[in-house]
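Visitor: Shown below is the structure under consideration.
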Amino acid sequence: MTNNISSRHGIRFVEIKERSALVRHYSQIDTPNPLHTMSSTLAGPPTSCCWTGIKHTGTPEGRVELLGGLNTYIADPPAGAASTPHKRVLLFLADVWGPMFINNKLLQDYFASCGFIVLGPDYFFGSAVQDLPANSDRNAWIEGARAPASEAFPKWLDAVKATYGIETTKYTAVGYCFGAPFVLDLAAEGSIVAGAIAHPAFLEESHFEKITRPLLLSCSEVDHTFPLESRRLAEDILVRNKSSYFFQVFAGVSHGFAVRGDPNVPHERWAKEESARGIKEWFTRFST
């Protein structure tokens with residue numbers, strides 16, 4: 001890959017936890033399959049695999065500004081980026097680690113380097129999962145975070161449109177885990193030209209039934225939040241509705257791979273970078 005996410009920013013890598021504590025627990029099931037308890041739920045809530053991973057290090061190139069009441073990470077395309085007849089704005093809707101987490105900042109910088117204005121709202125209000133005390137009830141925290149995030153998002157989106165919206169603006173949106181429902185809502189409203197989600201959480205069948213815009217799904221082979229049977233049911237809905245969609249399914253990786261995969265493991269590094277590259281190409285296709 002030429003525009004390597006890691007090498008572009010001279011990134012080094014360190015571990016958040018010992019390797020044995022990471023998400024490589026393919027045979028372990030630490031939460032019931034949501035399909036067994038609620039048939040309409042396709043992607044369940046974040047679980048223990050969402051709290052761990054590999055922390056990347058590097059030098060973020062964006063800035064933080066207040067936009068629509070939320071601190072927002074803003075990454076602009078470089079002056080030499082390929083010009084298009086449209087202003088391309090990518091909404092980056094982060095996982096439970098938030099848009100200010102170094103891995104997410106570097107992902108946003110990557111998308112910006114490909115010609116997008118990238119905006120990442122902090123709908124956790126400065127208190128993402130890594131900011132919680134060690135003994136916190138993370139499941140209670142995530143449930144408590146949903147309503148404030150949902151309430152703040154429309155005002156933020158209005159501010160985005162007021163600031164960046166011109167006649168030729170084309171919006172895209174990518175959502176990781178917690179951020180996925182925002183993307184599908186935008187795809188249902190027609191507010192974006194294309195959407196993408198990676199290892200999603202909090203999705204119902206109705207989310208897929210309602211979309212009217214192209215959707216890319218970047219999935220891991222092992223994902224207790226969005227398991228195989230859920231993925232196939234989602235595809236059945238998309239096929240039945242003749243939706244425009246594309247699946248990436250990566251073997252040998254788990255939930256969180258697209259943000260917190262280990263770049264020192266060649267396959268995990270490839271999956272993480274190929275996920276981002278595929279999302280970039282998907283958005284370029286519909287926003288050029």
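By convention here, the chains of the structure tokens are called A, B, ... in the order presented, each chain's residues are numbered starting at 1, and ligands are numbered starting at 1 in the order presented.
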Got a sec to tell me which of stretch 93-261 of chain A DSSP assigns to alpha helix (DSSP H), as JSON, numbers by chain?
Guide: {"A": [102, 103, 104, 105, 106, 107, 108, 109, 110, 111, 112, 113, 138, 139, 140, 141, 142, 143, 144, 145, 146, 147, 148, 149, 150, 151, 152, 153, 154, 155, 156, 157, 158, 159, 160, 161, 162, 163, 164, 180, 181, 182, 183, 184, 185, 186, 187, 188, 189, 205, 206, 207, 208, 209, 210, 228, 229, 230, 231, 232, 233, 234, 235, 236, 237, 238, 239, 240, 257, 258, 259, 260]}
Visitor: With only C-alpha atoms as the counted atoms, please give the residues lying no more than 6 Å from stretch 266-280 of chain A, apart from itself and same-chain residues fewer than 5 positions off, as a list in words.
Guide: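 Result of the neighbour search: Phe257, Ala258 and Gly261 of chain A.
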Visitor: Can I get the selection written as a PDB file, in the first residue's frame, with N, CA and C atoms?
Guide:
ATOM      1  N   PHE A 257     -10.400  -4.253  15.177  1.00  0.00           N
ATOM      2  CA  PHE A 257      -9.188  -4.352  14.360  1.00  0.00           C
ATOM      3  C   PHE A 257      -8.912  -3.104  13.533  1.00  0.00           C
ATOM      4  N   ALA A 258      -9.976  -2.412  13.087  1.00  0.00           N
ATOM      5  CA  ALA A 258      -9.801  -1.288  12.172  1.00  0.00           C
ATOM      6  C   ALA A 258      -9.275  -0.036  12.873  1.00  0.00           C
ATOM      7  N   GLY A 261      -5.891  -2.501  15.896  1.00  0.00           N
ATOM      8  CA  GLY A 261      -5.126  -3.674  15.514  1.00  0.00           C
ATOM      9  C   GLY A 261      -3.643  -3.493  15.786  1.00  0.00           C
TER      10      GLY A 261
END
Visitor: Have a look at A:Phe247, A:Phe101, A:Phe286, A:Phe111 and name the one nearest to A:Val174; count only C-alpha atoms.
Guide: A:Phe111
Visitor: Determine which residues of stretch 36-113 of chain A receive a DSSP assignment of strand (DSSP E), computed from the backbone, and state them as a ChimeraX atom specification.
Guide: /A:41-43,54-57,63-67,70-75,88-93
Visitor: Just how far from atom CA of A:Pro181 is atom CA of A:Ser150, in Å to one decimal?
Guide: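 Separating atom CA of A:Ser150 from atom CA of A:Pro181 is a distance of 9.7 Å.
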Visitor: Out of A:Tyr164, A:Tyr245, A:Tyr123, A:Tyr73, which residue has the shortest atom-to-atom distance to A:Lys105 when counting only C-alpha atoms?
Guide: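 The shortest atom-to-atom distance to A:Lys105 comes from A:Tyr73.
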Visitor: What's the separation between atom CA of A:Ala128 and atom CA of A:Leu203, in Å to one decimal place?
Guide: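 About the pair atom CA of A:Ala128 and atom CA of A:Leu203: they are 20.5 Å apart.
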Visitor: What does the structure give for the distance between atom CA of A:Pro60 and atom CA of A:Gly98, in Å to one decimal?
Guide: 14.5 Å
Visitor: Find the residues near A:Leu228: any atom within 12 Å, counting only C-alpha atoms, skip ones fewer than 3 places away on the same chain, and give them as an mmCIF file with N, CA, C and O atoms, in the first residue's frame.
Guide:
data_model
loop_
_atom_site.group_PDB
_atom_site.id
_atom_site.type_symbol
_atom_site.label_atom_id
_atom_site.label_comp_id
_atom_site.auth_asym_id
_atom_site.auth_seq_id
_atom_site.Cartn_x
_atom_site.Cartn_y
_atom_site.Cartn_z
ATOM 1 N N ASN A 33 -25.161 -14.041 22.573
ATOM 2 C CA ASN A 33 -25.488 -13.602 21.220
ATOM 3 C C ASN A 33 -26.762 -12.787 21.274
ATOM 4 O O ASN A 33 -27.795 -13.266 21.757
ATOM 5 N N PRO A 34 -26.760 -11.531 20.812
ATOM 6 C CA PRO A 34 -27.949 -10.698 20.916
ATOM 7 C C PRO A 34 -29.133 -11.278 20.173
ATOM 8 O O PRO A 34 -30.275 -10.984 20.500
ATOM 9 N N LEU A 35 -28.890 -12.106 19.157
ATOM 10 C CA LEU A 35 -30.002 -12.667 18.409
ATOM 11 C C LEU A 35 -30.821 -13.625 19.254
ATOM 12 O O LEU A 35 -31.970 -13.911 18.957
ATOM 13 N N LEU A 42 -29.221 -6.663 15.526
ATOM 14 C CA LEU A 42 -28.175 -7.288 14.731
ATOM 15 C C LEU A 42 -26.782 -7.017 15.281
ATOM 16 O O LEU A 42 -25.906 -7.869 15.177
ATOM 17 N N ALA A 43 -26.556 -5.849 15.840
ATOM 18 C CA ALA A 43 -25.272 -5.540 16.473
ATOM 19 C C ALA A 43 -25.543 -5.101 17.903
ATOM 20 O O ALA A 43 -26.252 -4.122 18.133
ATOM 21 N N HIS A 199 -16.834 -2.868 12.381
ATOM 22 C CA HIS A 199 -17.196 -3.601 13.607
ATOM 23 C C HIS A 199 -18.251 -2.825 14.424
ATOM 24 O O HIS A 199 -17.973 -2.316 15.503
ATOM 25 N N CYS A 219 -15.798 -5.667 8.283
ATOM 26 C CA CYS A 219 -16.118 -6.605 9.358
ATOM 27 C C CYS A 219 -14.962 -7.539 9.669
ATOM 28 O O CYS A 219 -14.136 -7.847 8.801
ATOM 29 N N SER A 220 -14.934 -8.021 10.907
ATOM 30 C CA SER A 220 -13.950 -9.017 11.311
ATOM 31 C C SER A 220 -14.604 -10.388 11.346
ATOM 32 O O SER A 220 -15.800 -10.521 11.594
ATOM 33 N N GLU A 221 -13.793 -11.395 11.095
ATOM 34 C CA GLU A 221 -14.289 -12.765 11.138
ATOM 35 C C GLU A 221 -14.883 -13.090 12.503
ATOM 36 O O GLU A 221 -15.915 -13.751 12.604
ATOM 37 N N VAL A 222 -14.225 -12.631 13.556
ATOM 38 C CA VAL A 222 -14.683 -12.884 14.918
ATOM 39 C C VAL A 222 -15.181 -11.575 15.523
ATOM 40 O O VAL A 222 -14.404 -10.631 15.669
ATOM 41 N N ASP A 223 -16.471 -11.517 15.815
ATOM 42 C CA ASP A 223 -17.047 -10.301 16.377
ATOM 43 C C ASP A 223 -18.289 -10.683 17.162
ATOM 44 O O ASP A 223 -19.338 -10.977 16.580
ATOM 45 N N HIS A 224 -18.170 -10.689 18.479
ATOM 46 C CA HIS A 224 -19.300 -11.075 19.310
ATOM 47 C C HIS A 224 -20.367 -9.986 19.359
ATOM 48 O O HIS A 224 -21.494 -10.241 19.783
ATOM 49 N N THR A 225 -20.015 -8.779 18.938
ATOM 50 C CA THR A 225 -20.994 -7.696 18.859
ATOM 51 C C THR A 225 -21.803 -7.775 17.568
ATOM 52 O O THR A 225 -23.008 -7.534 17.566
ATOM 53 N N ARG A 231 -24.419 -10.626 10.476
ATOM 54 C CA ARG A 231 -23.883 -10.102 9.223
ATOM 55 C C ARG A 231 -24.670 -10.646 8.032
ATOM 56 O O ARG A 231 -24.988 -9.915 7.093
ATOM 57 N N ARG A 232 -25.012 -11.922 8.088
ATOM 58 C CA ARG A 232 -25.757 -12.515 6.981
ATOM 59 C C ARG A 232 -27.187 -12.000 6.932
ATOM 60 O O ARG A 232 -27.747 -11.795 5.840
ATOM 61 N N LEU A 233 -27.789 -11.776 8.093
ATOM 62 C CA LEU A 233 -29.135 -11.199 8.101
ATOM 63 C C LEU A 233 -29.120 -9.776 7.548
ATOM 64 O O LEU A 233 -30.025 -9.378 6.812
ATOM 65 N N ALA A 234 -28.097 -9.009 7.914
ATOM 66 C CA ALA A 234 -27.977 -7.651 7.371
ATOM 67 C C ALA A 234 -27.842 -7.702 5.859
ATOM 68 O O ALA A 234 -28.485 -6.917 5.138
ATOM 69 N N GLU A 235 -27.043 -8.632 5.371
ATOM 70 C CA GLU A 235 -26.892 -8.750 3.922
ATOM 71 C C GLU A 235 -28.197 -9.158 3.255
ATOM 72 O O GLU A 235 -28.538 -8.652 2.176
ATOM 73 N N VAL A 249 -14.711 -8.540 4.728
ATOM 74 C CA VAL A 249 -14.670 -9.445 5.875
ATOM 75 C C VAL A 249 -13.244 -9.955 6.002
ATOM 76 O O VAL A 249 -12.736 -10.610 5.095
ATOM 77 N N ALA A 251 -10.423 -12.216 7.758
ATOM 78 C CA ALA A 251 -10.152 -13.397 8.572
ATOM 79 C C ALA A 251 -9.050 -13.109 9.581
ATOM 80 O O ALA A 251 -8.184 -12.255 9.366
#
Visitor: Mind checking which residues fall within 8 Å of A:Thr212, counting only C-alpha atoms, ignoring those fewer than 2 positions away in the same chain, and posting them as a PDB file with all heavy atoms, in the first residue's frame?
Guide:
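Below you can see out_34.pdb, which holds the result:
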ATOM      1  N   ALA A 187     -27.615   7.705   6.486  1.00  0.00           N
ATOM      2  CA  ALA A 187     -27.867   7.036   5.213  1.00  0.00           C
ATOM      3  C   ALA A 187     -29.361   6.862   4.963  1.00  0.00           C
ATOM      4  O   ALA A 187     -29.800   6.787   3.811  1.00  0.00           O
ATOM      5  CB  ALA A 187     -27.167   5.676   5.186  1.00  0.00           C
ATOM      6  N   ALA A 188     -30.153   6.796   6.015  1.00  0.00           N
ATOM      7  CA  ALA A 188     -31.605   6.708   5.869  1.00  0.00           C
ATOM      8  C   ALA A 188     -32.200   8.068   5.515  1.00  0.00           C
ATOM      9  O   ALA A 188     -33.144   8.160   4.722  1.00  0.00           O
ATOM     10  CB  ALA A 188     -32.226   6.178   7.158  1.00  0.00           C
ATOM     11  N   GLU A 189     -31.635   9.116   6.100  1.00  0.00           N
ATOM     12  CA  GLU A 189     -32.140  10.472   5.844  1.00  0.00           C
ATOM     13  C   GLU A 189     -31.708  11.010   4.486  1.00  0.00           C
ATOM     14  O   GLU A 189     -32.274  11.994   4.004  1.00  0.00           O
ATOM     15  CB  GLU A 189     -31.603  11.429   6.925  1.00  0.00           C
ATOM     16  CG  GLU A 189     -32.021  11.093   8.342  1.00  0.00           C
ATOM     17  CD  GLU A 189     -31.167  11.805   9.372  1.00  0.00           C
ATOM     18  OE1 GLU A 189     -30.264  12.590   8.962  1.00  0.00           O
ATOM     19  OE2 GLU A 189     -31.367  11.565  10.577  1.00  0.00           O
ATOM     20  N   GLY A 190     -30.697  10.410   3.901  1.00  0.00           N
ATOM     21  CA  GLY A 190     -30.153  10.930   2.647  1.00  0.00           C
ATOM     22  C   GLY A 190     -29.231  12.109   2.849  1.00  0.00           C
ATOM     23  O   GLY A 190     -28.971  12.873   1.911  1.00  0.00           O
ATOM     24  N   LYS A 210     -33.925   0.849   6.398  1.00  0.00           N
ATOM     25  CA  LYS A 210     -34.243   2.237   6.065  1.00  0.00           C
ATOM     26  C   LYS A 210     -33.208   2.945   5.200  1.00  0.00           C
ATOM     27  O   LYS A 210     -33.482   4.041   4.701  1.00  0.00           O
ATOM     28  CB  LYS A 210     -34.438   3.037   7.363  1.00  0.00           C
ATOM     29  CG  LYS A 210     -35.647   2.609   8.187  1.00  0.00           C
ATOM     30  CD  LYS A 210     -35.714   3.385   9.498  1.00  0.00           C
ATOM     31  CE  LYS A 210     -36.884   2.947  10.361  1.00  0.00           C
ATOM     32  NZ  LYS A 210     -36.901   3.688  11.658  1.00  0.00           N
ATOM     33  N   PRO A 214     -25.509   4.294  -0.427  1.00  0.00           N
ATOM     34  CA  PRO A 214     -24.554   3.187  -0.471  1.00  0.00           C
ATOM     35  C   PRO A 214     -23.860   2.997   0.878  1.00  0.00           C
ATOM     36  O   PRO A 214     -23.520   3.968   1.559  1.00  0.00           O
ATOM     37  CB  PRO A 214     -23.564   3.620  -1.549  1.00  0.00           C
ATOM     38  CG  PRO A 214     -24.320   4.577  -2.413  1.00  0.00           C
ATOM     39  CD  PRO A 214     -25.231   5.311  -1.483  1.00  0.00           C
ATOM     40  N   SER A 243     -30.270  -2.596  -2.160  1.00  0.00           N
ATOM     41  CA  SER A 243     -29.406  -1.510  -1.709  1.00  0.00           C
ATOM     42  C   SER A 243     -28.035  -1.623  -2.376  1.00  0.00           C
ATOM     43  O   SER A 243     -27.629  -2.687  -2.831  1.00  0.00           O
ATOM     44  CB  SER A 243     -29.232  -1.562  -0.186  1.00  0.00           C
ATOM     45  OG  SER A 243     -30.475  -1.481   0.475  1.00  0.00           O
TER      46      SER A 243
END
Visitor: Find, counting only C-alpha atoms, the residue in A:Asp262, A:Asp95, A:Glu209, A:Asp109 that gets nearest to A:Gly175.
Guide: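 Of A:Asp262, A:Asp95, A:Glu209, A:Asp109, the one nearest A:Gly175 is A:Asp95, counting only C-alpha atoms.
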Visitor: Pick the closest to A:Thr72 from A:Phe125, A:Phe116, A:Phe202, A:Trp141: which is it, counting only C-alpha atoms?
Guide: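 Distance minimum relative to A:Thr72 lands on A:Phe125.
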Visitor: Taking only residues of stretch 135-199 of chain A that have an atom at most 10 Å from an atom of stretch 78-90 of chain A, what is each one's shortest atom pair and its distance in Å to one decimal, using only C-alpha atoms, in chain and number order, as a Markdown table?
Guide:
| residue | atom | partner | partner_atom | distance |
| --- | --- | --- | --- | --- |
| A:Val160 | CA | A:Val89 | CA | 9.2 |
| A:Lys161 | CA | A:Val89 | CA | 9.7 |
| A:Tyr164 | CA | A:Val89 | CA | 7.8 |
| A:Gly165 | CA | A:Lys87 | CA | 8.3 |
| A:Ile166 | CA | A:Lys87 | CA | 7.8 |
| A:Glu167 | CA | A:His86 | CA | 8.6 |
| A:Thr168 | CA | A:His86 | CA | 4.9 |
| A:Thr169 | CA | A:Lys87 | CA | 4.5 |
| A:Lys170 | CA | A:Arg88 | CA | 5.1 |
| A:Tyr171 | CA | A:Val89 | CA | 4.9 |
| A:Thr172 | CA | A:Leu90 | CA | 4.8 |
| A:Ala173 | CA | A:Leu90 | CA | 5.4 |
| A:Val174 | CA | A:Leu90 | CA | 7.4 |
| A:Ile192 | CA | A:Leu90 | CA | 9.2 |
| A:Ala194 | CA | A:Leu90 | CA | 9.8 |
| A:Gly195 | CA | A:Leu90 | CA | 9.4 |
Visitor: May I have the residues from that selection written out with C-alpha atoms, as a short mmCIF file (atom, residue, chain, number, x, y, z; two decimals), in the first residue's frame?
Guide:
data_model
loop_
_atom_site.label_atom_id
_atom_site.label_comp_id
_atom_site.auth_asym_id
_atom_site.auth_seq_id
_atom_site.Cartn_x
_atom_site.Cartn_y
_atom_site.Cartn_z
CA VAL A 160 -21.22 21.35 10.13
CA LYS A 161 -23.62 22.15 7.30
CA TYR A 164 -18.92 23.64 5.33
CA GLY A 165 -22.08 23.37 3.29
CA ILE A 166 -22.08 24.89 -0.17
CA GLU A 167 -23.99 23.83 -3.26
CA THR A 168 -21.33 21.33 -4.26
CA THR A 169 -20.52 19.84 -0.82
CA LYS A 170 -20.68 16.06 -0.67
CA TYR A 171 -20.84 14.46 2.77
CA THR A 172 -19.71 10.96 3.66
CA ALA A 173 -19.65 9.32 7.10
CA VAL A 174 -17.75 6.46 8.70
CA ILE A 192 -24.71 11.68 2.97
CA ALA A 194 -22.24 7.19 1.04
CA GLY A 195 -21.57 5.63 4.43
#
Visitor: Taking into account only C-alpha atoms, which residue in the set A:Lys242, A:Val96, A:Phe182, A:Ile197 is nearest to A:Ser48?
Guide: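 For A:Ser48, the nearest of the given residues is A:Val96.
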Visitor: Which one is closest to A:Gly126: A:Thr52, A:Pro46, A:Ser287, A:Pro99? Count only C-alpha atoms.
Guide: A:Pro99
